[in-house]
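Visitor: So here's work.cif (mmCIF, C-alpha atoms).
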```cif
data_input
loop_
_atom_site.label_atom_id
_atom_site.label_comp_id
_atom_site.auth_asym_id
_atom_site.auth_seq_id
_atom_site.Cartn_x
_atom_site.Cartn_y
_atom_site.Cartn_z
CA MET V 1 -7.00 0.96 29.35
CA GLN V 2 -10.25 -0.94 28.87
CA GLU V 3 -10.87 -2.18 25.35
CA PRO V 4 -14.15 -1.15 23.67
CA THR V 5 -16.96 -3.68 23.42
CA ILE V 6 -17.24 -5.33 20.01
CA THR V 7 -20.57 -4.14 18.65
CA ALA V 8 -22.24 -4.27 15.23
CA ASP V 9 -21.41 -0.59 14.71
CA LEU V 10 -17.74 -1.15 15.59
CA ILE V 11 -17.56 -4.11 13.20
CA ALA V 12 -19.09 -2.01 10.41
CA ALA V 13 -16.69 0.86 11.17
CA HIS V 14 -13.84 -1.60 10.55
CA GLY V 15 -15.20 -2.33 7.05
CA LEU V 16 -16.27 -5.88 7.92
CA LYS V 17 -19.63 -7.29 6.84
CA PRO V 18 -21.73 -9.45 9.21
CA ASP V 19 -20.92 -12.66 7.30
CA GLU V 20 -17.21 -11.82 7.45
CA TYR V 21 -17.43 -11.32 11.20
CA ASP V 22 -19.20 -14.69 11.51
CA ARG V 23 -16.30 -16.25 9.64
CA ILE V 24 -13.84 -14.66 12.08
CA LEU V 25 -15.78 -16.24 14.94
CA SER V 26 -15.60 -19.65 13.27
CA ILE V 27 -11.85 -19.33 12.57
CA ILE V 28 -10.69 -18.32 16.06
CA GLY V 29 -13.56 -19.91 18.02
CA ARG V 30 -14.34 -16.81 20.09
CA ALA V 31 -15.02 -13.11 19.83
CA PRO V 32 -11.92 -11.18 18.69
CA SER V 33 -10.25 -8.57 20.84
CA PHE V 34 -10.28 -4.95 19.66
CA THR V 35 -6.71 -5.38 18.37
CA GLU V 36 -7.59 -8.59 16.54
CA LEU V 37 -10.60 -6.90 14.94
CA GLY V 38 -8.21 -4.23 13.63
CA ILE V 39 -5.91 -6.90 12.22
CA PHE V 40 -8.77 -8.59 10.35
CA SER V 41 -9.97 -5.19 9.13
CA ALA V 42 -6.52 -4.38 7.76
CA MET V 43 -5.98 -7.77 6.11
CA TRP V 44 -9.47 -8.57 4.78
CA ASN V 45 -10.28 -5.34 2.96
CA GLU V 46 -10.22 -5.18 -0.83
CA HIS V 47 -6.98 -3.18 -0.91
CA CYS V 48 -5.00 -5.98 0.75
CA SER V 49 -6.90 -9.18 -0.07
CA TYR V 50 -8.32 -8.40 -3.55
CA LYS V 51 -11.38 -10.37 -2.43
CA SER V 52 -13.65 -9.14 -5.24
CA SER V 53 -11.05 -8.68 -7.98
CA LYS V 54 -9.05 -11.90 -7.50
CA THR V 55 -11.34 -13.76 -9.89
CA TRP V 56 -10.49 -11.40 -12.73
CA LEU V 57 -6.81 -10.93 -11.86
CA ARG V 58 -6.31 -14.69 -12.17
CA THR V 59 -7.39 -14.53 -15.82
CA LEU V 60 -4.39 -12.36 -16.76
CA PRO V 61 -1.23 -13.94 -18.23
CA THR V 62 1.48 -13.97 -15.57
CA ASP V 63 4.13 -16.47 -16.65
CA GLY V 64 6.55 -16.93 -19.50
CA PRO V 65 10.20 -17.76 -20.25
CA GLN V 66 11.38 -14.28 -19.18
CA VAL V 67 9.25 -14.04 -16.01
CA ILE V 68 11.39 -14.43 -12.90
CA CYS V 69 8.65 -13.46 -10.45
CA GLY V 70 4.92 -13.15 -11.14
CA PRO V 71 2.14 -12.09 -8.74
CA GLY V 72 2.46 -12.58 -5.00
CA GLU V 73 5.52 -10.51 -4.18
CA ASN V 74 6.13 -6.78 -3.80
CA ALA V 75 6.72 -6.36 -7.55
CA GLY V 76 7.03 -8.31 -10.77
CA VAL V 77 10.43 -9.28 -12.17
CA VAL V 78 11.29 -9.93 -15.83
CA ASP V 79 14.64 -11.09 -17.23
CA ILE V 80 15.98 -8.64 -19.84
CA GLY V 81 19.25 -10.47 -20.61
CA ASP V 82 22.90 -9.82 -19.78
CA GLY V 83 22.26 -10.92 -16.19
CA GLN V 84 19.86 -8.00 -15.64
CA ALA V 85 16.19 -7.88 -14.68
CA VAL V 86 13.57 -5.14 -14.71
CA VAL V 87 11.46 -4.94 -11.56
CA PHE V 88 8.16 -3.08 -11.92
CA LYS V 89 4.99 -2.27 -10.02
CA MET V 90 1.72 -0.53 -10.86
CA GLU V 91 -0.74 0.58 -8.21
CA SER V 92 -3.79 2.77 -7.83
CA HIS V 93 -4.19 5.48 -5.21
CA ASN V 94 -7.69 6.63 -6.14
CA HIS V 95 -9.49 7.19 -2.85
CA PRO V 96 -6.51 8.77 -1.05
CA SER V 97 -5.97 11.14 -3.99
CA TYR V 98 -9.63 12.18 -4.04
CA ILE V 99 -9.62 12.92 -0.31
CA GLU V 100 -6.20 14.62 -0.15
CA PRO V 101 -4.87 15.04 -3.74
CA HIS V 102 -1.27 16.04 -3.04
CA GLN V 103 -0.44 13.49 -0.34
CA GLY V 104 -2.68 10.80 -1.85
CA ALA V 105 -0.83 10.91 -5.18
CA ALA V 106 2.59 11.44 -3.59
CA THR V 107 2.30 8.38 -1.36
CA GLY V 108 1.09 6.39 -4.36
CA ILE V 109 4.44 7.08 -6.00
CA GLY V 110 6.30 6.46 -2.75
CA GLY V 111 4.63 3.11 -2.24
CA ILE V 112 5.54 1.62 -5.60
CA LEU V 113 9.11 2.94 -5.47
CA ARG V 114 9.38 1.13 -2.13
CA ASP V 115 7.92 -2.04 -3.66
CA VAL V 116 10.59 -1.95 -6.36
CA PHE V 117 13.63 -1.46 -4.14
CA THR V 118 12.31 -3.98 -1.62
CA MET V 119 12.93 -6.57 -4.35
CA GLY V 120 16.57 -5.47 -4.56
CA ALA V 121 16.28 -3.10 -7.55
CA ARG V 122 17.27 0.54 -7.92
CA PRO V 123 14.27 2.54 -9.25
CA ILE V 124 15.03 4.36 -12.49
CA ALA V 125 11.69 5.64 -13.83
CA ALA V 126 8.05 6.37 -12.98
CA MET V 127 4.92 6.80 -15.12
CA ASP V 128 1.29 7.66 -14.41
CA SER V 129 -2.18 7.17 -15.87
CA LEU V 130 -4.60 9.81 -14.54
CA SER V 131 -8.37 10.07 -15.01
CA PHE V 132 -10.34 13.11 -13.84
CA GLY V 133 -13.92 14.32 -14.14
CA ARG V 134 -15.10 16.99 -16.54
CA PRO V 135 -12.94 20.15 -16.55
CA GLU V 136 -15.99 22.24 -15.60
CA HIS V 137 -16.76 20.08 -12.55
CA PRO V 138 -16.07 22.14 -9.38
CA LYS V 139 -13.77 19.47 -7.88
CA THR V 140 -11.65 18.81 -10.99
CA PRO V 141 -9.22 21.81 -10.90
CA HIS V 142 -8.39 21.11 -7.24
CA LEU V 143 -7.78 17.41 -7.96
CA VAL V 144 -5.65 17.99 -11.06
CA LYS V 145 -3.45 20.59 -9.32
CA GLY V 146 -2.97 18.47 -6.19
CA VAL V 147 -2.36 15.15 -7.93
CA VAL V 148 0.12 16.50 -10.49
CA GLU V 149 2.01 18.49 -7.85
CA GLY V 150 2.07 15.49 -5.49
CA ILE V 151 3.50 13.17 -8.14
CA GLY V 152 6.12 15.69 -9.24
CA ALA V 153 7.16 16.74 -5.76
CA TYR V 154 7.67 13.20 -4.50
CA GLY V 155 9.49 11.93 -7.58
CA ASN V 156 11.77 14.96 -7.76
CA ALA V 157 12.67 14.81 -4.06
CA PHE V 158 13.31 11.06 -4.24
CA GLY V 159 15.34 11.45 -7.42
CA VAL V 160 13.44 9.30 -9.94
CA PRO V 161 12.13 10.95 -13.14
CA ASN V 162 8.57 10.65 -14.39
CA VAL V 163 9.21 9.60 -17.99
CA GLY V 164 5.67 9.54 -19.38
CA GLY V 165 2.00 8.90 -18.84
CA GLU V 166 -1.52 9.77 -19.92
CA VAL V 167 -4.44 11.88 -18.73
CA ARG V 168 -8.15 11.83 -19.55
CA PHE V 169 -11.22 13.86 -18.52
CA HIS V 170 -14.70 12.30 -18.48
CA ARG V 171 -17.94 12.63 -16.52
CA SER V 172 -17.47 9.05 -15.25
CA TYR V 173 -14.74 10.35 -12.94
CA ASP V 174 -16.65 13.35 -11.53
CA GLY V 175 -17.11 11.60 -8.20
CA ASN V 176 -13.72 9.95 -7.93
CA CYS V 177 -10.47 10.30 -9.87
CA LEU V 178 -8.26 7.39 -10.89
CA VAL V 179 -4.56 7.74 -10.07
CA ASN V 180 -2.54 4.81 -11.40
CA ALA V 181 1.21 4.96 -10.83
CA PHE V 182 3.97 2.79 -12.32
CA ALA V 183 7.60 2.42 -11.27
CA ALA V 184 10.45 0.39 -12.75
CA GLY V 185 13.91 -0.47 -11.48
CA LEU V 186 16.97 -2.50 -12.45
CA ALA V 187 18.50 -5.40 -10.53
CA ASP V 188 20.83 -8.33 -11.06
CA ALA V 189 18.71 -11.27 -12.21
CA ASP V 190 20.31 -13.50 -9.57
CA GLY V 191 20.00 -10.87 -6.83
CA ILE V 192 16.24 -10.65 -6.28
CA PHE V 193 14.94 -10.48 -2.69
CA TYR V 194 11.70 -12.09 -1.54
CA SER V 195 9.40 -11.73 1.45
CA ALA V 196 9.05 -15.26 2.87
CA ALA V 197 10.54 -15.38 6.38
CA SER V 198 12.68 -18.35 7.38
CA GLY V 199 14.26 -19.60 10.59
CA VAL V 200 12.72 -19.77 14.06
CA GLY V 201 13.65 -17.02 16.50
CA MET V 202 15.05 -14.68 13.86
CA PRO V 203 14.80 -10.93 14.53
CA VAL V 204 12.43 -8.74 12.50
CA VAL V 205 13.77 -5.23 11.95
CA TYR V 206 11.57 -2.18 11.32
CA LEU V 207 13.18 0.31 8.91
CA GLY V 208 11.83 3.66 7.76
CA ALA V 209 9.81 6.59 9.03
CA LYS V 210 8.26 6.66 12.48
CA THR V 211 4.62 5.69 12.89
CA GLY V 212 2.18 8.60 13.28
CA ARG V 213 -1.57 9.09 13.43
CA ASP V 214 -1.80 9.66 9.68
CA GLY V 215 -2.70 6.66 7.56
CA VAL V 216 -4.38 4.68 10.35
CA GLY V 217 -7.18 2.69 8.72
CA GLY V 218 -5.95 3.75 5.29
CA ALA V 219 -6.26 0.33 3.66
CA THR V 220 -9.84 -0.01 4.90
CA MET V 221 -10.63 3.52 3.69
CA ALA V 222 -9.21 2.72 0.26
CA SER V 223 -11.65 -0.19 0.01
CA ALA V 224 -14.79 1.62 1.19
CA GLU V 225 -17.52 3.35 -0.80
CA PHE V 226 -17.63 7.14 -0.77
CA ASP V 227 -20.42 9.12 0.90
CA ASP V 228 -21.01 12.59 2.36
CA THR V 229 -18.54 11.95 5.17
CA ILE V 230 -15.58 11.71 2.79
CA GLU V 231 -13.84 14.78 4.27
CA ASP V 232 -13.82 13.06 7.67
CA LYS V 233 -11.49 10.41 6.22
CA ARG V 234 -8.64 12.87 5.57
CA PRO V 235 -6.54 11.59 8.55
CA THR V 236 -6.52 8.09 7.01
CA VAL V 237 -4.36 9.36 4.12
CA GLN V 238 -0.66 8.81 4.76
CA VAL V 239 1.74 11.77 4.64
CA GLY V 240 4.74 11.13 2.42
CA ASP V 241 8.39 11.68 3.29
CA PRO V 242 10.47 11.29 0.11
CA PHE V 243 13.74 12.35 1.76
CA THR V 244 13.49 9.62 4.39
CA GLU V 245 12.53 7.13 1.71
CA LYS V 246 15.60 8.06 -0.34
CA CYS V 247 17.72 7.26 2.73
CA LEU V 248 15.74 4.04 3.16
CA LEU V 249 16.47 3.05 -0.46
CA GLU V 250 20.22 3.46 -0.03
CA ALA V 251 20.22 1.73 3.36
CA CYS V 252 18.25 -1.26 2.06
CA LEU V 253 20.41 -1.75 -1.03
CA GLU V 254 23.55 -1.51 1.12
CA LEU V 255 22.14 -4.05 3.61
CA MET V 256 21.19 -6.40 0.78
CA ALA V 257 24.68 -6.23 -0.70
CA SER V 258 26.15 -7.13 2.69
CA GLY V 259 24.28 -10.43 2.85
CA ALA V 260 22.50 -9.45 6.08
CA VAL V 261 18.96 -9.65 4.64
CA ILE V 262 17.16 -13.01 4.59
CA SER V 263 13.76 -11.67 3.57
CA ILE V 264 12.20 -8.24 3.27
CA GLN V 265 8.67 -6.89 2.90
CA ASP V 266 7.38 -3.46 1.97
CA MET V 267 5.21 -1.82 4.63
CA GLY V 268 2.21 -0.51 2.70
CA ALA V 269 -1.27 0.80 3.51
CA ALA V 270 -1.97 -1.84 6.18
CA GLY V 271 1.35 -1.03 7.82
CA LEU V 272 3.15 -3.24 10.26
CA THR V 273 0.19 -5.64 10.46
CA CYS V 274 0.29 -6.55 6.78
CA SER V 275 4.06 -6.65 6.32
CA ALA V 276 4.62 -8.81 9.40
CA VAL V 277 1.74 -11.20 8.69
CA GLU V 278 2.73 -11.66 5.05
CA MET V 279 6.36 -12.49 5.91
CA GLY V 280 5.30 -15.03 8.52
CA ASP V 281 2.53 -16.56 6.43
CA LYS V 282 4.71 -17.06 3.34
CA GLY V 283 7.35 -18.75 5.47
CA GLY V 284 4.84 -20.90 7.37
CA LEU V 285 5.85 -19.19 10.61
CA GLY V 286 4.30 -17.19 13.40
CA ILE V 287 5.54 -13.76 14.35
CA ARG V 288 5.70 -11.92 17.65
CA LEU V 289 5.42 -8.12 17.58
CA GLN V 290 6.58 -5.87 20.41
CA LEU V 291 4.26 -2.96 19.66
CA ASP V 292 5.71 -0.84 22.49
CA ALA V 293 9.00 -0.85 20.57
CA VAL V 294 7.51 0.64 17.38
CA PRO V 295 9.11 4.08 16.71
CA GLN V 296 6.41 6.74 17.15
CA ARG V 297 6.20 10.37 16.08
CA GLU V 298 4.19 11.28 19.17
CA THR V 299 3.35 9.78 22.56
CA ASN V 300 0.12 8.17 23.78
CA MET V 301 -1.13 7.17 20.35
#
```
Is it possible to express this structure as structure tokens?
Guide:
Amino acid sequence: MQEPTITADLIAAHGLKPDEYDRILSIIGRAPSFTELGIFSAMWNEHCSYKSSKTWLRTLPTDGPQVICGPGENAGVVDIGDGQAVVFKMESHNHPSYIEPHQGAATGIGGILRDVFTMGARPIAAMDSLSFGRPEHPKTPHLVKGVVEGIGAYGNAFGVPNVGGEVRFHRSYDGNCLVNAFAAGLADADGIFYSAASGVGMPVVYLGAKTGRDGVGGATMASAEFDDTIEDKRPTVQVGDPFTEKCLLEACLELMASGAVISIQDMGAAGLTCSAVEMGDKGGLGIRLQLDAVPQRETNM
């Protein structure tokens, strides 16, 4: 199959600005292939790189005598004594929840639960902070119903209770809701797992649900501004599968206990691209992906 020509419109469709594309050219010394453009799109958007918010995030306190792991991994880890640690993660799923409220909020919960058990912890609780537009706004009832049902359905199916949260209504959120989810888990303080790969020639194993058409370009979508074409972005929202994730939780914790896991990385909005690149980069290694071997829900994707 012939790859499409890299044009200004294609670059813009991938969420990359002209100056960012120029930087790609200077880094690799040539025009990227279509696949490489997709990789840069997935890794350089705000959702994955925090390129506009990094400045402010770095002003937050992130270390202390009880902090085992600060920013940079799947979740934060704090020592709570008696050889135990609490592992926690908070994440927003605003754009996905506005486009497809039920699945957008559900996969927000699913993502942070996965972040927590990827560190070696068993999730025990979830919480949420939700902000919607005015009650009389025509979109608000649909968003509230979908988001609340999505959070409840995923947490209940996975088996982790939602123990609290907050909700607000204000005109500032008429055009886009805020869906912030929090998950916490417990782990042995000396049994935390990290994402840096090590060893040359080691196998990388893909665990979890099969790859489908849903969610493709989701990280880029989550970083884009909204316009009148927002409904067209519905396929970029991932579809959750809490029952498979529950199996994944148990399988991962069992594998970790066996000593078979050297490093492990959650596969989030940027999918296989982000998880593979982050593991290799943190370990100072390259990584080879056999894309034909990726489990797929349908053929000819």
Visitor: So how many Å separate CA of Ala75 in chain V and CA of Val87 in chain V, to one decimal?
Guide: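 A separation of 6.4 Å between them.
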Visitor: Hey, could you make a per-residue contact list for range 116-232 of chain V against range 249-272 of chain V with 12 Å as the cut-off, showing the nearest pair of atoms and its distance in Å to one decimal, counting only C-alpha atoms, sorted by chain and number, as a tab-separated table?
Guide:
```
residue	atom	partner	partner_atom	distance
V:Val116	CA	V:Asp266	CA	9.1
V:Phe117	CA	V:Leu249	CA	6.5
V:Thr118	CA	V:Asp266	CA	6.1
V:Met119	CA	V:Ile264	CA	7.8
V:Gly120	CA	V:Leu253	CA	6.4
V:Ala121	CA	V:Leu253	CA	7.8
V:Arg122	CA	V:Leu253	CA	7.9
V:Pro123	CA	V:Leu249	CA	9.1
V:Phe158	CA	V:Leu249	CA	9.4
V:Gly159	CA	V:Leu249	CA	11.0
V:Val160	CA	V:Leu249	CA	11.8
V:Gly185	CA	V:Leu249	CA	11.8
V:Leu186	CA	V:Leu253	CA	12.0
V:Ala187	CA	V:Leu253	CA	10.4
V:Asp188	CA	V:Ala257	CA	11.2
V:Gly191	CA	V:Met256	CA	8.9
V:Ile192	CA	V:Met256	CA	9.6
V:Phe193	CA	V:Ser263	CA	6.5
V:Tyr194	CA	V:Ser263	CA	5.5
V:Ser195	CA	V:Ile264	CA	4.8
V:Ala196	CA	V:Ser263	CA	6.0
V:Ala197	CA	V:Ser263	CA	5.7
V:Ser198	CA	V:Ile262	CA	7.5
V:Gly199	CA	V:Ile262	CA	9.4
V:Met202	CA	V:Ile262	CA	9.7
V:Pro203	CA	V:Ile262	CA	10.4
V:Val204	CA	V:Ile264	CA	9.2
V:Val205	CA	V:Ile264	CA	9.3
V:Tyr206	CA	V:Leu272	CA	8.6
V:Leu207	CA	V:Cys252	CA	8.7
V:Gly208	CA	V:Met267	CA	9.1
V:Ala209	CA	V:Met267	CA	10.5
V:Lys210	CA	V:Gly271	CA	11.3
V:Thr211	CA	V:Gly271	CA	9.0
V:Gly212	CA	V:Gly271	CA	11.1
V:Arg213	CA	V:Gly271	CA	11.9
V:Asp214	CA	V:Ala269	CA	10.8
V:Gly215	CA	V:Ala269	CA	7.3
V:Val216	CA	V:Ala270	CA	8.1
V:Gly217	CA	V:Ala270	CA	7.4
V:Gly218	CA	V:Ala269	CA	5.8
V:Ala219	CA	V:Ala269	CA	5.0
V:Thr220	CA	V:Ala270	CA	8.2
V:Met221	CA	V:Ala269	CA	9.7
V:Ala222	CA	V:Ala269	CA	8.8
V:Ser223	CA	V:Ala269	CA	11.0
```
Visitor: Sort by chain and increasing residue number a table of all residues of range 160-217 of chain V within 10 Å of range 90-93 of chain V, each with its closest pair of atoms and their distance in Å to one decimal, counting only C-alpha atoms, and write it as a Markdown table.
Guide:
```
| residue | atom | partner | partner_atom | distance |
| --- | --- | --- | --- | --- |
| V:Cys177 | CA | V:His93 | CA | 9.2 |
| V:Leu178 | CA | V:Ser92 | CA | 7.1 |
| V:Val179 | CA | V:His93 | CA | 5.4 |
| V:Asn180 | CA | V:Ser92 | CA | 4.3 |
| V:Ala181 | CA | V:Glu91 | CA | 5.5 |
| V:Phe182 | CA | V:Met90 | CA | 4.3 |
| V:Ala183 | CA | V:Met90 | CA | 6.6 |
| V:Ala184 | CA | V:Met90 | CA | 9.0 |
```
Visitor: Pull C-alpha atoms from the residues just selected and write them as a PDB file, in the frame of the given file.
Guide:
```pdb
ATOM      1  CA  CYS V 177     -10.470  10.300  -9.870  1.00  0.00           C
ATOM      2  CA  LEU V 178      -8.260   7.390 -10.890  1.00  0.00           C
ATOM      3  CA  VAL V 179      -4.560   7.740 -10.070  1.00  0.00           C
ATOM      4  CA  ASN V 180      -2.540   4.810 -11.400  1.00  0.00           C
ATOM      5  CA  ALA V 181       1.210   4.960 -10.830  1.00  0.00           C
ATOM      6  CA  PHE V 182       3.970   2.790 -12.320  1.00  0.00           C
ATOM      7  CA  ALA V 183       7.600   2.420 -11.270  1.00  0.00           C
ATOM      8  CA  ALA V 184      10.450   0.390 -12.750  1.00  0.00           C
TER       9      ALA V 184
END
```
Visitor: Please evaluate the PyMOL selection byres ((chain V and resi 42-46) around 7) against the structure above and give the resulting residues as a PyMOL selection string.
Guide: chain V and resi 38-41+47-52+219-220+223+270+274
Visitor: Can I get the residues of range 225-301 of chain V within 8 Å of range 102-112 of chain V, each with the closest pair of atoms and their distance in Å to one decimal, using only C-alpha atoms, sorted chain first then ascending number, as CSV?
Guide:
```
residue,atom,partner,partner_atom,distance
V:Val237,CA,V:Gly104,CA,6.4
V:Gln238,CA,V:Thr107,CA,6.8
V:Val239,CA,V:Gln103,CA,5.7
V:Gly240,CA,V:Thr107,CA,5.3
V:Pro242,CA,V:Gly110,CA,7.0
V:Glu245,CA,V:Gly110,CA,7.7
V:Gly268,CA,V:Gly111,CA,6.6
```
Visitor: Name the residues captured by the PyMOL selection byres ((chain V and resi 79) around 7) when it is applied to the shown file; answer as a list in words.
Guide: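 Evaluating the PyMOL selection byres ((chain V and resi 79) around 7) on these coordinates yields Gln66, Val67, Ile68, Val77, Val78, Ile80, Gly81, Gln84, Ala85, Val86 and Ala189 of chain V.
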Visitor: Quick one: of V:Val167, V:Ala153, V:Ile27, V:Val147, who's nearest to His95 in chain V, counting only C-alpha atoms?
Guide: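 Checking each candidate against His95 in chain V, we get V:Val147 as the closest.
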Visitor: What is the distance, in Å and to one decimal place, between CA of Leu113 in chain V and CA of Lys246 in chain V?
Guide: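 Spanning CA of Leu113 in chain V to CA of Lys246 in chain V is a straight-line distance of 9.7 Å.
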Visitor: What is the CA of Val163 in chain V-CA of Glu73 in chain V distance in Å, reported with one decimal?
Guide: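 Between CA of Val163 in chain V and CA of Glu73 in chain V the gap is 24.7 Å.
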Visitor: Name the residues captured by the PyMOL selection byres ((chain V and resi 21) around 10) when it is applied to the shown file; answer as a list in words.
Guide: Ala8, Ile11, Ala12, Leu16, Lys17, Pro18, Asp19, Glu20, Asp22, Arg23, Ile24, Leu25, Ser26, Ile27, Ala31, Pro32, Leu37, Phe40 and Ser41 of chain V
Visitor: Can you tell me, as a PyMOL selection string, what residues are no more than 10 Å from Lys139 in chain V when counting all atoms listed in the file, ignoring any on the same chain fewer than 5 positions away?
Guide: chain V and resi 98+132-134+144+174-177
Visitor: Considering only C-alpha atoms, state which residue in the set V:Ala126, V:Cys69, V:Val148, V:Leu143 is at the smallest distance from Pro161 in chain V.
Guide: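 Among the listed residues, V:Ala126 lies closest to Pro161 in chain V.
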